[in-house]
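Student: What follows is the file upload14.pdb, containing PDB, C-alpha atoms, pLDDT in the B column:
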```
MODEL        1
ATOM      1  CA  MET A   1     100.068  21.936  80.788  1.00 48.00           C
ATOM      2  CA  ARG A   2     100.513  25.023  78.625  1.00 50.00           C
ATOM      3  CA  PRO A   3     104.016  26.519  78.490  1.00 50.00           C
ATOM      4  CA  VAL A   4     104.634  30.009  79.941  1.00 49.00           C
ATOM      5  CA  VAL A   5     105.629  32.440  77.208  1.00 46.00           C
ATOM      6  CA  HIS A   6     107.795  35.375  78.296  1.00 47.00           C
ATOM      7  CA  PRO A   7     107.879  38.582  76.209  1.00 45.00           C
ATOM      8  CA  PRO A   8     111.049  39.128  74.192  1.00 45.00           C
ATOM      9  CA  ALA A   9     113.801  41.073  75.936  1.00 44.00           C
ATOM     10  CA  GLY A  10     113.661  44.809  75.435  1.00 42.00           C
ATOM     11  CA  ARG A  11     109.908  44.959  74.685  1.00 40.00           C
ATOM     12  CA  ALA A  12     108.007  47.295  77.002  1.00 41.00           C
ATOM     13  CA  ARG A  13     104.935  46.090  78.783  1.00 43.00           C
ATOM     14  CA  ALA A  14     101.624  47.457  77.666  1.00 42.00           C
ATOM     15  CA  PRO A  15     100.313  50.167  79.983  1.00 42.00           C
ATOM     16  CA  ARG A  16      97.524  49.303  82.357  1.00 49.00           C
ATOM     17  CA  ALA A  17      94.061  50.411  81.404  1.00 47.00           C
ATOM     18  CA  GLY A  18      93.445  53.998  82.504  1.00 47.00           C
ATOM     19  CA  GLY A  19      97.085  54.490  83.517  1.00 50.00           C
ATOM     20  CA  GLY A  20     100.062  56.328  82.123  1.00 53.00           C
ATOM     21  CA  SER A  21     103.722  56.926  82.738  1.00 58.00           C
ATOM     22  CA  PRO A  22     104.615  59.168  85.680  1.00 57.00           C
ATOM     23  CA  THR A  23     106.277  61.665  83.334  1.00 57.00           C
ATOM     24  CA  ARG A  24     103.146  62.087  81.223  1.00 62.00           C
ATOM     25  CA  VAL A  25     100.967  62.495  84.293  1.00 55.00           C
ATOM     26  CA  LEU A  26     103.293  65.110  85.776  1.00 54.00           C
ATOM     27  CA  LEU A  27     103.391  67.051  82.525  1.00 57.00           C
ATOM     28  CA  ALA A  28      99.603  66.990  82.293  1.00 60.00           C
ATOM     29  CA  LEU A  29      99.220  68.243  85.857  1.00 57.00           C
ATOM     30  CA  LEU A  30     101.857  70.916  85.300  1.00 55.00           C
ATOM     31  CA  GLY A  31     100.014  72.123  82.197  1.00 57.00           C
ATOM     32  CA  ALA A  32      96.770  72.323  84.154  1.00 55.00           C
ATOM     33  CA  LEU A  33      98.440  74.381  86.896  1.00 52.00           C
ATOM     34  CA  LEU A  34      99.936  76.803  84.391  1.00 51.00           C
ATOM     35  CA  LEU A  35      96.576  77.149  82.687  1.00 51.00           C
ATOM     36  CA  LEU A  36      94.908  78.008  85.974  1.00 50.00           C
ATOM     37  CA  ALA A  37      97.609  80.534  86.829  1.00 47.00           C
ATOM     38  CA  THR A  38      97.342  82.363  83.509  1.00 47.00           C
ATOM     39  CA  ALA A  39      93.561  82.225  83.369  1.00 47.00           C
ATOM     40  CA  ALA A  40      93.073  83.704  86.850  1.00 42.00           C
ATOM     41  CA  PRO A  41      91.441  87.127  86.688  1.00 44.00           C
ATOM     42  CA  ALA A  42      93.842  90.028  87.131  1.00 43.00           C
ATOM     43  CA  ARG A  43      93.180  92.802  89.592  1.00 44.00           C
ATOM     44  CA  ALA A  44      91.677  95.959  88.186  1.00 46.00           C
ATOM     45  CA  ALA A  45      94.357  98.565  87.553  1.00 48.00           C
ATOM     46  CA  SER A  46      94.250 101.255  90.236  1.00 67.00           C
ATOM     47  CA  GLY A  47      94.790 104.920  89.501  1.00 87.00           C
ATOM     48  CA  TYR A  48      97.080 107.351  91.289  1.00 90.00           C
ATOM     49  CA  ARG A  49      96.274 110.789  92.704  1.00 92.00           C
ATOM     50  CA  TYR A  50      99.126 113.017  91.556  1.00 93.00           C
ATOM     51  CA  TRP A  51     100.304 116.036  89.559  1.00 96.00           C
ATOM     52  CA  SER A  52     100.821 115.186  85.888  1.00 95.00           C
ATOM     53  CA  PHE A  53     103.166 117.300  83.758  1.00 97.00           C
ATOM     54  CA  TRP A  54     102.299 118.615  80.272  1.00 97.00           C
ATOM     55  CA  ARG A  55     103.814 120.763  77.537  1.00 98.00           C
ATOM     56  CA  GLY A  56     101.732 123.144  75.441  1.00 98.00           C
ATOM     57  CA  ALA A  57     101.404 122.331  71.727  1.00 96.00           C
ATOM     58  CA  ASP A  58     100.008 124.050  68.633  1.00 93.00           C
ATOM     59  CA  GLY A  59      96.445 125.265  68.836  1.00 95.00           C
ATOM     60  CA  GLY A  60      96.364 125.254  72.630  1.00 96.00           C
ATOM     61  CA  ALA A  61      96.596 121.453  72.876  1.00 97.00           C
ATOM     62  CA  TRP A  62      98.613 119.538  75.465  1.00 97.00           C
ATOM     63  CA  MET A  63     101.311 116.901  75.063  1.00 96.00           C
ATOM     64  CA  TYR A  64     102.382 114.657  77.923  1.00 95.00           C
ATOM     65  CA  GLN A  65     105.865 115.658  79.083  1.00 94.00           C
ATOM     66  CA  GLN A  66     108.157 112.642  78.877  1.00 90.00           C
ATOM     67  CA  GLN A  67     110.907 114.244  80.974  1.00 93.00           C
ATOM     68  CA  GLY A  68     110.659 115.121  84.631  1.00 92.00           C
ATOM     69  CA  PRO A  69     110.534 118.808  85.598  1.00 95.00           C
ATOM     70  CA  ALA A  70     114.077 118.784  86.963  1.00 95.00           C
ATOM     71  CA  ILE A  71     115.404 117.628  83.561  1.00 96.00           C
ATOM     72  CA  ALA A  72     113.073 119.362  81.102  1.00 97.00           C
ATOM     73  CA  VAL A  73     114.313 122.794  79.960  1.00 98.00           C
ATOM     74  CA  PRO A  74     111.468 124.702  78.290  1.00 98.00           C
ATOM     75  CA  PRO A  75     112.414 127.199  75.557  1.00 98.00           C
ATOM     76  CA  ASP A  76     111.329 130.808  75.488  1.00 98.00           C
ATOM     77  CA  GLY A  77     107.632 130.974  74.650  1.00 98.00           C
ATOM     78  CA  ALA A  78     106.811 127.514  76.021  1.00 98.00           C
ATOM     79  CA  VAL A  79     103.809 126.609  78.150  1.00 98.00           C
ATOM     80  CA  ASP A  80     104.122 124.207  81.088  1.00 98.00           C
ATOM     81  CA  GLY A  81     100.874 122.625  82.254  1.00 98.00           C
ATOM     82  CA  TRP A  82     100.148 120.831  85.522  1.00 98.00           C
ATOM     83  CA  ARG A  83      97.034 118.871  86.459  1.00 97.00           C
ATOM     84  CA  PHE A  84      96.211 117.304  89.812  1.00 96.00           C
ATOM     85  CA  ALA A  85      93.859 114.375  89.313  1.00 94.00           C
ATOM     86  CA  VAL A  86      93.274 110.672  89.694  1.00 92.00           C
ATOM     87  CA  SER A  87      94.932 109.165  86.636  1.00 90.00           C
ATOM     88  CA  PRO A  88      96.479 105.921  85.400  1.00 84.00           C
ATOM     89  CA  ASP A  89     100.168 105.260  85.861  1.00 73.00           C
ATOM     90  CA  GLY A  90     101.452 108.183  83.822  1.00 64.00           C
ATOM     91  CA  GLY A  91     101.463 108.555  80.048  1.00 73.00           C
ATOM     92  CA  GLN A  92      98.980 109.988  77.605  1.00 78.00           C
ATOM     93  CA  GLU A  93      95.995 108.626  79.538  1.00 86.00           C
ATOM     94  CA  ALA A  94      96.647 110.934  82.495  1.00 93.00           C
ATOM     95  CA  ALA A  95      94.186 113.785  83.038  1.00 94.00           C
ATOM     96  CA  LYS A  96      95.133 116.890  81.035  1.00 96.00           C
ATOM     97  CA  PRO A  97      94.755 120.509  82.143  1.00 98.00           C
ATOM     98  CA  ARG A  98      91.225 121.615  81.319  1.00 97.00           C
ATOM     99  CA  ALA A  99      92.194 125.061  79.969  1.00 97.00           C
ATOM    100  CA  GLN A 100      94.082 125.594  76.723  1.00 97.00           C
ATOM    101  CA  ALA A 101      97.796 126.289  76.465  1.00 97.00           C
ATOM    102  CA  ARG A 102      97.915 129.937  75.324  1.00 97.00           C
ATOM    103  CA  PHE A 103     101.311 131.590  75.775  1.00 98.00           C
ATOM    104  CA  ASP A 104     100.240 134.927  74.277  1.00 97.00           C
ATOM    105  CA  GLU A 105      97.345 135.211  76.722  1.00 97.00           C
ATOM    106  CA  ILE A 106      99.171 134.020  79.833  1.00 98.00           C
ATOM    107  CA  CYS A 107     102.319 136.107  79.285  1.00 98.00           C
ATOM    108  CA  ALA A 108     100.622 139.159  77.747  1.00 97.00           C
ATOM    109  CA  GLY A 109     101.385 141.296  80.815  1.00 96.00           C
ATOM    110  CA  THR A 110     105.007 140.148  81.238  1.00 97.00           C
ATOM    111  CA  PRO A 111     107.422 142.042  78.966  1.00 96.00           C
ATOM    112  CA  ALA A 112     110.422 140.267  77.443  1.00 96.00           C
ATOM    113  CA  GLN A 113     113.817 140.993  79.029  1.00 96.00           C
ATOM    114  CA  ASP A 114     117.340 140.536  77.731  1.00 96.00           C
ATOM    115  CA  GLY A 115     119.019 137.499  79.233  1.00 97.00           C
ATOM    116  CA  HIS A 116     115.699 135.966  80.314  1.00 98.00           C
ATOM    117  CA  LYS A 117     113.116 133.660  78.821  1.00 98.00           C
ATOM    118  CA  ARG A 118     109.399 133.699  79.423  1.00 98.00           C
ATOM    119  CA  VAL A 119     107.550 130.474  80.182  1.00 98.00           C
ATOM    120  CA  ALA A 120     103.792 130.374  80.699  1.00 98.00           C
ATOM    121  CA  VAL A 121     102.508 128.099  83.458  1.00 98.00           C
ATOM    122  CA  LEU A 122      98.983 126.758  83.869  1.00 98.00           C
ATOM    123  CA  LEU A 123      97.985 125.099  87.145  1.00 98.00           C
ATOM    124  CA  ASP A 124      94.846 122.953  87.213  1.00 98.00           C
ATOM    125  CA  PHE A 125      94.191 121.817  90.790  1.00 97.00           C
ATOM    126  CA  GLY A 126      91.538 119.353  89.657  1.00 95.00           C
ATOM    127  CA  THR A 127      88.060 118.679  90.973  1.00 93.00           C
ATOM    128  CA  ALA A 128      86.604 117.801  94.367  1.00 91.00           C
ATOM    129  CA  GLU A 129      86.316 114.212  93.144  1.00 89.00           C
ATOM    130  CA  ASP A 130      90.032 114.199  92.302  1.00 89.00           C
ATOM    131  CA  ALA A 131      90.846 115.590  95.741  1.00 88.00           C
ATOM    132  CA  GLY A 132      89.056 112.816  97.598  1.00 81.00           C
ATOM    133  CA  SER A 133      86.697 113.071 100.542  1.00 69.00           C
ATOM    134  CA  SER A 134      89.467 113.705 103.090  1.00 59.00           C
ATOM    135  CA  ALA A 135      91.141 116.610 101.230  1.00 63.00           C
ATOM    136  CA  ALA A 136      90.295 120.295 101.177  1.00 74.00           C
ATOM    137  CA  GLN A 137      88.376 121.873  98.314  1.00 87.00           C
ATOM    138  CA  PRO A 138      90.857 122.356  95.448  1.00 93.00           C
ATOM    139  CA  PRO A 139      91.790 125.923  94.453  1.00 95.00           C
ATOM    140  CA  GLU A 140      90.633 127.419  91.176  1.00 96.00           C
ATOM    141  CA  GLN A 141      92.770 127.068  88.071  1.00 97.00           C
ATOM    142  CA  ARG A 142      95.355 129.779  87.669  1.00 98.00           C
ATOM    143  CA  THR A 143      98.088 130.886  85.312  1.00 98.00           C
ATOM    144  CA  ALA A 144     101.420 132.662  85.696  1.00 98.00           C
ATOM    145  CA  CYS A 145     104.270 133.830  83.489  1.00 98.00           C
ATOM    146  CA  ALA A 146     107.789 133.130  84.694  1.00 98.00           C
ATOM    147  CA  SER A 147     110.724 135.284  83.582  1.00 98.00           C
ATOM    148  CA  VAL A 148     113.764 133.136  84.303  1.00 98.00           C
ATOM    149  CA  ALA A 149     117.303 132.381  83.148  1.00 98.00           C
ATOM    150  CA  PRO A 150     117.611 130.773  79.694  1.00 98.00           C
ATOM    151  CA  ARG A 151     118.752 127.398  81.100  1.00 98.00           C
ATOM    152  CA  ALA A 152     116.152 127.220  83.868  1.00 98.00           C
ATOM    153  CA  SER A 153     114.397 123.875  84.160  1.00 98.00           C
ATOM    154  CA  SER A 154     110.660 123.404  84.462  1.00 98.00           C
ATOM    155  CA  ALA A 155     111.154 122.733  88.184  1.00 97.00           C
ATOM    156  CA  GLU A 156     112.835 126.138  88.538  1.00 98.00           C
ATOM    157  CA  VAL A 157     110.083 127.761  86.500  1.00 98.00           C
ATOM    158  CA  LEU A 158     107.467 126.217  88.769  1.00 98.00           C
ATOM    159  CA  ALA A 159     109.331 127.244  91.921  1.00 98.00           C
ATOM    160  CA  ALA A 160     109.402 130.850  90.667  1.00 98.00           C
ATOM    161  CA  VAL A 161     105.635 131.147  90.233  1.00 98.00           C
ATOM    162  CA  ALA A 162     103.973 128.529  92.492  1.00 98.00           C
ATOM    163  CA  PRO A 163     105.759 128.059  95.813  1.00 97.00           C
ATOM    164  CA  PRO A 164     105.838 126.193  98.073  1.00 97.00           C
ATOM    165  CA  LEU A 165     106.640 122.933  96.288  1.00 97.00           C
ATOM    166  CA  ARG A 166     106.824 119.631  98.143  1.00 96.00           C
ATOM    167  CA  TYR A 167     108.841 116.600  97.014  1.00 95.00           C
ATOM    168  CA  ASP A 168     109.190 113.119  98.499  1.00 94.00           C
ATOM    169  CA  THR A 169     112.476 111.335  99.233  1.00 93.00           C
ATOM    170  CA  ASN A 170     112.553 110.020  95.641  1.00 90.00           C
ATOM    171  CA  SER A 171     112.258 113.562  94.204  1.00 89.00           C
ATOM    172  CA  LEU A 172     108.683 112.968  93.088  1.00 91.00           C
ATOM    173  CA  LEU A 173     106.674 116.210  93.032  1.00 95.00           C
ATOM    174  CA  CYS A 174     103.916 115.896  95.642  1.00 96.00           C
ATOM    175  CA  ALA A 175     102.458 119.403  96.021  1.00 96.00           C
ATOM    176  CA  ILE A 176     102.343 122.652  94.041  1.00 98.00           C
ATOM    177  CA  ALA A 177     101.532 125.928  95.806  1.00 97.00           C
ATOM    178  CA  GLY A 178     101.105 123.843  98.949  1.00 95.00           C
ATOM    179  CA  TYR A 179      98.407 121.645  97.415  1.00 95.00           C
ATOM    180  CA  PRO A 180      97.665 119.007  98.523  1.00 93.00           C
ATOM    181  CA  LYS A 181      98.669 119.433 102.154  1.00 91.00           C
ATOM    182  CA  ALA A 182      99.637 115.774 102.589  1.00 90.00           C
ATOM    183  CA  GLY A 183     100.149 112.599 100.607  1.00 90.00           C
ATOM    184  CA  CYS A 184     102.119 111.861  97.483  1.00 93.00           C
ATOM    185  CA  ALA A 185     100.921 109.833  94.491  1.00 89.00           C
ATOM    186  CA  GLU A 186      98.636 107.584  96.520  1.00 87.00           C
ATOM    187  CA  GLN A 187      97.377 104.523  94.710  1.00 89.00           C
ATOM    188  CA  LEU A 188      93.632 104.016  94.837  1.00 84.00           C
ATOM    189  CA  GLY A 189      91.753 100.742  95.138  1.00 71.00           C
ATOM    190  CA  ALA A 190      92.403  97.452  96.900  1.00 48.00           C
ATOM    191  CA  ALA A 191      96.029  97.377  95.788  1.00 50.00           C
ATOM    192  CA  ALA A 192      96.697 100.548  97.782  1.00 49.00           C
ATOM    193  CA  ALA A 193      96.606  98.716 101.120  1.00 44.00           C
ATOM    194  CA  ARG A 194     100.296  98.058 101.766  1.00 44.00           C
ATOM    195  CA  PRO A 195     102.332  97.674 104.943  1.00 39.00           C
ATOM    196  CA  ASP A 196     104.922 100.213 103.748  1.00 40.00           C
ATOM    197  CA  SER A 197     103.472 103.138 101.816  1.00 38.00           C
ATOM    198  CA  THR A 198     106.934 104.600 101.123  1.00 38.00           C
ATOM    199  CA  ALA A 199     107.949 101.553  99.075  1.00 34.00           C
ATOM    200  CA  LYS A 200     105.295 102.006  96.401  1.00 40.00           C
ATOM    201  CA  ALA A 201     106.107 102.752  92.778  1.00 43.00           C
ATOM    202  CA  GLY A 202     104.747 106.152  91.846  1.00 49.00           C
ATOM    203  CA  PRO A 203     103.261 107.315  88.563  1.00 58.00           C
ATOM    204  CA  GLN A 204     106.646 108.291  87.096  1.00 48.00           C
ATOM    205  CA  THR A 205     108.406 105.061  88.064  1.00 33.00           C
ATOM    206  CA  GLY A 206     105.839 102.404  87.111  1.00 32.00           C
ATOM    207  CA  GLY A 207     102.924 100.892  88.929  1.00 35.00           C
ATOM    208  CA  ASP A 208     102.177  97.582  90.248  1.00 36.00           C
ATOM    209  CA  SER A 209     101.670  94.572  88.076  1.00 35.00           C
ATOM    210  CA  ASP A 210      98.029  93.766  87.369  1.00 38.00           C
ATOM    211  CA  SER A 211      98.564  90.097  88.156  1.00 36.00           C
ATOM    212  CA  ASP A 212      98.180  88.669  91.641  1.00 41.00           C
ATOM    213  CA  PRO A 213     101.534  87.373  93.011  1.00 39.00           C
ATOM    214  CA  ASN A 214      99.691  84.883  95.245  1.00 43.00           C
ATOM    215  CA  ILE A 215      98.706  82.895  92.160  1.00 40.00           C
ATOM    216  CA  GLY A 216     102.334  82.075  91.421  1.00 45.00           C
ATOM    217  CA  LEU A 217     102.932  80.991  95.014  1.00 43.00           C
ATOM    218  CA  VAL A 218      99.904  78.700  95.005  1.00 44.00           C
ATOM    219  CA  ALA A 219     100.826  77.203  91.649  1.00 45.00           C
ATOM    220  CA  GLY A 220     104.427  76.715  92.729  1.00 49.00           C
ATOM    221  CA  GLY A 221     103.401  74.981  95.953  1.00 52.00           C
ATOM    222  CA  ALA A 222     100.999  72.737  94.112  1.00 49.00           C
ATOM    223  CA  LEU A 223     103.692  71.853  91.578  1.00 48.00           C
ATOM    224  CA  VAL A 224     106.085  70.834  94.362  1.00 47.00           C
ATOM    225  CA  ALA A 225     103.390  68.615  95.864  1.00 52.00           C
ATOM    226  CA  VAL A 226     102.691  67.034  92.483  1.00 48.00           C
ATOM    227  CA  LEU A 227     106.374  66.315  91.836  1.00 50.00           C
ATOM    228  CA  ALA A 228     106.791  64.809  95.309  1.00 52.00           C
ATOM    229  CA  GLY A 229     103.731  62.621  94.824  1.00 56.00           C
ATOM    230  CA  GLY A 230     104.964  61.527  91.412  1.00 55.00           C
ATOM    231  CA  ALA A 231     108.341  60.550  92.819  1.00 52.00           C
ATOM    232  CA  VAL A 232     106.704  58.407  95.523  1.00 49.00           C
ATOM    233  CA  TRP A 233     104.413  56.794  92.966  1.00 50.00           C
ATOM    234  CA  GLN A 234     107.299  55.962  90.660  1.00 57.00           C
ATOM    235  CA  ALA A 235     109.342  54.546  93.562  1.00 53.00           C
ATOM    236  CA  ARG A 236     106.453  52.249  94.563  1.00 55.00           C
ATOM    237  CA  ARG A 237     106.054  50.986  90.982  1.00 56.00           C
ATOM    238  CA  ARG A 238     109.740  50.109  90.849  1.00 56.00           C
ATOM    239  CA  ASN A 239     109.714  48.429  94.236  1.00 58.00           C
ATOM    240  CA  PRO A 240     106.373  46.622  94.580  1.00 57.00           C
TER     241      PRO A 240
ENDMDL
END
```
Output the structure of this file as structure tokens.
Tutor:
Amino acid sequence: MRPVVHPPAGRARAPRAGGGSPTRVLLALLGALLLLATAAPARAASGYRYWSFWRGADGGAWMYQQQGPAIAVPPDGAVDGWRFAVSPDGGQEAAKPRAQARFDEICAGTPAQDGHKRVAVLLDFGTAEDAGSSAAQPPEQRTACASVAPRASSAEVLAAVAPPLRYDTNSLLCAIAGYPKAGCAEQLGAAAARPDSTAKAGPQTGGDSDSDPNIGLVAGGALVAVLAGGAVWQARRRNP
């Protein structure tokens, strides 16, 4: 009869064929879940229908205005440009006014006055495509020259030459010269369908994330299930 040989104390048993420690299996599954979450296709970025704000530059060009109209204070001889269009979430990629910024042409018929500054304003109401099928035909482009107090903001300049203005509860400019009649910075595309339209982030406050939040919920739920299964498996191995 052959003697039974026990392994020396402290030496781990060799793993079973095709098996692995619970920790390694959990880490592998977790890595796979994270890979699926990050590799999932993101939703296409949706544009917004809104008035973008521009400042005239040399040669009649336009520069995107980084400050809001209530904060920006244009100097004498400046040109404020506004364009209503479907654009990305703000920034240089927004649709520019289609006419050039020409102060001398716009304010040629408005004489300078002591104690006042002159600011040229160009309003581009956009195209029928920008307006959308449910909106009225957009007005033609127009210009105006405002003669206002030296410290007047761009919002005050606009109010002087293009009333009525319409703002939302977050002070986002929704309409100039009454256009459009309704709506304010609506987001286009599938992401626009929301239960509460007043809670959306407008073009000047940041848009939605391009990633789908449901992916994180699915991955998190799957991870919980994996961890629970791993705990049961490990408990069974310890208590055969």
Student: Leaving out region 69-81 of chain A and any residue of its chain fewer than 2 positions from it, which residues lie within 8 Å of it when counting only C-alpha atoms, given as a list in words?
Tutor: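 In the requested format, the answer is Phe53, Trp54, Arg55, Gly56, Trp62, Gln67, Arg83, Pro97, Ala101, Arg102, Phe103, Lys117, Arg118, Val119, Ala120, Val121, Leu122, Leu123, Asp124, Pro150, Arg151, Ala152, Ser153, Ser154, Ala155 and Glu156 of chain A.
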Student: Could you jot down the CA of Trp82 (chain A) to CA of Phe125 (chain A) separation for me, Å, one decimal place?
Tutor: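 Atom-to-atom, CA of Trp82 (chain A) and CA of Phe125 (chain A) are spaced 8.0 Å apart.
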Student: Counting all atoms listed in the file, which of A:Val148, A:Asp168, A:Ala57, A:Leu158 gets nearest to Gly115 (chain A)?
Tutor: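 Using all atoms listed in the file, Gly115 (chain A) sits closest to A:Val148.
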Student: If I take CA of Lys181 (chain A) and CA of Tyr48 (chain A), how far is one from the other in Å, to one decimal?
Tutor: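 Rounded to one decimal, the two atoms are 16.3 Å apart.
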Student: Choose the residue, out of A:Ala159, A:Leu172, A:Ala144, A:Leu188, that has the smallest atom-to-atom separation from Gly109 (chain A); count all atoms listed in the file.
Tutor: A:Ala144
Student: Just checking: using only C-alpha atoms, which residue out of A:Gly126, A:Pro164, A:Pro180, A:Gly189 ends up closest to Phe84 (chain A)?
Tutor: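 For Phe84 (chain A), the nearest of the given residues is A:Gly126.
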Student: Grab the CA of Ala95 (chain A) to CA of Trp51 (chain A) distance for me, in Å with one decimal place.
Tutor: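 We find that CA of Ala95 (chain A) and CA of Trp51 (chain A) lie 9.2 Å from each other.
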Student: Looking at A:Gly91, A:Cys145, A:Pro138, A:Tyr64, which one is nearest to Ala175 (chain A), with distances taken over all atoms listed in the file?
Tutor: A:Pro138
Student: For Gln92 (chain A), which residue out of A:Ala182, A:Ala136, A:Met63, A:Ala162 is the nearest one, using all atoms listed in the file?
Tutor: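 Counting all atoms listed in the file, the residue closest to Gln92 (chain A) is A:Met63.
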Student: Assuming 3 Å of padding per side, give the centre and edge lengths of the axis-aligned box around every listed atom of region 107-123 of chain A, in Å to one decimal and as lines of an AutoDock Vina configuration file.
Tutor:
```
center_x = 108.5
center_y = 133.6
center_z = 82.3
size_x = 27.0
size_y = 22.9
size_z = 15.7
```
Student: Just checking: using only C-alpha atoms, which residue out of A:Ala85, A:Ala146, A:Ile176, A:Ala131 ends up closest to Ile106 (chain A)?
Tutor: A:Ala146
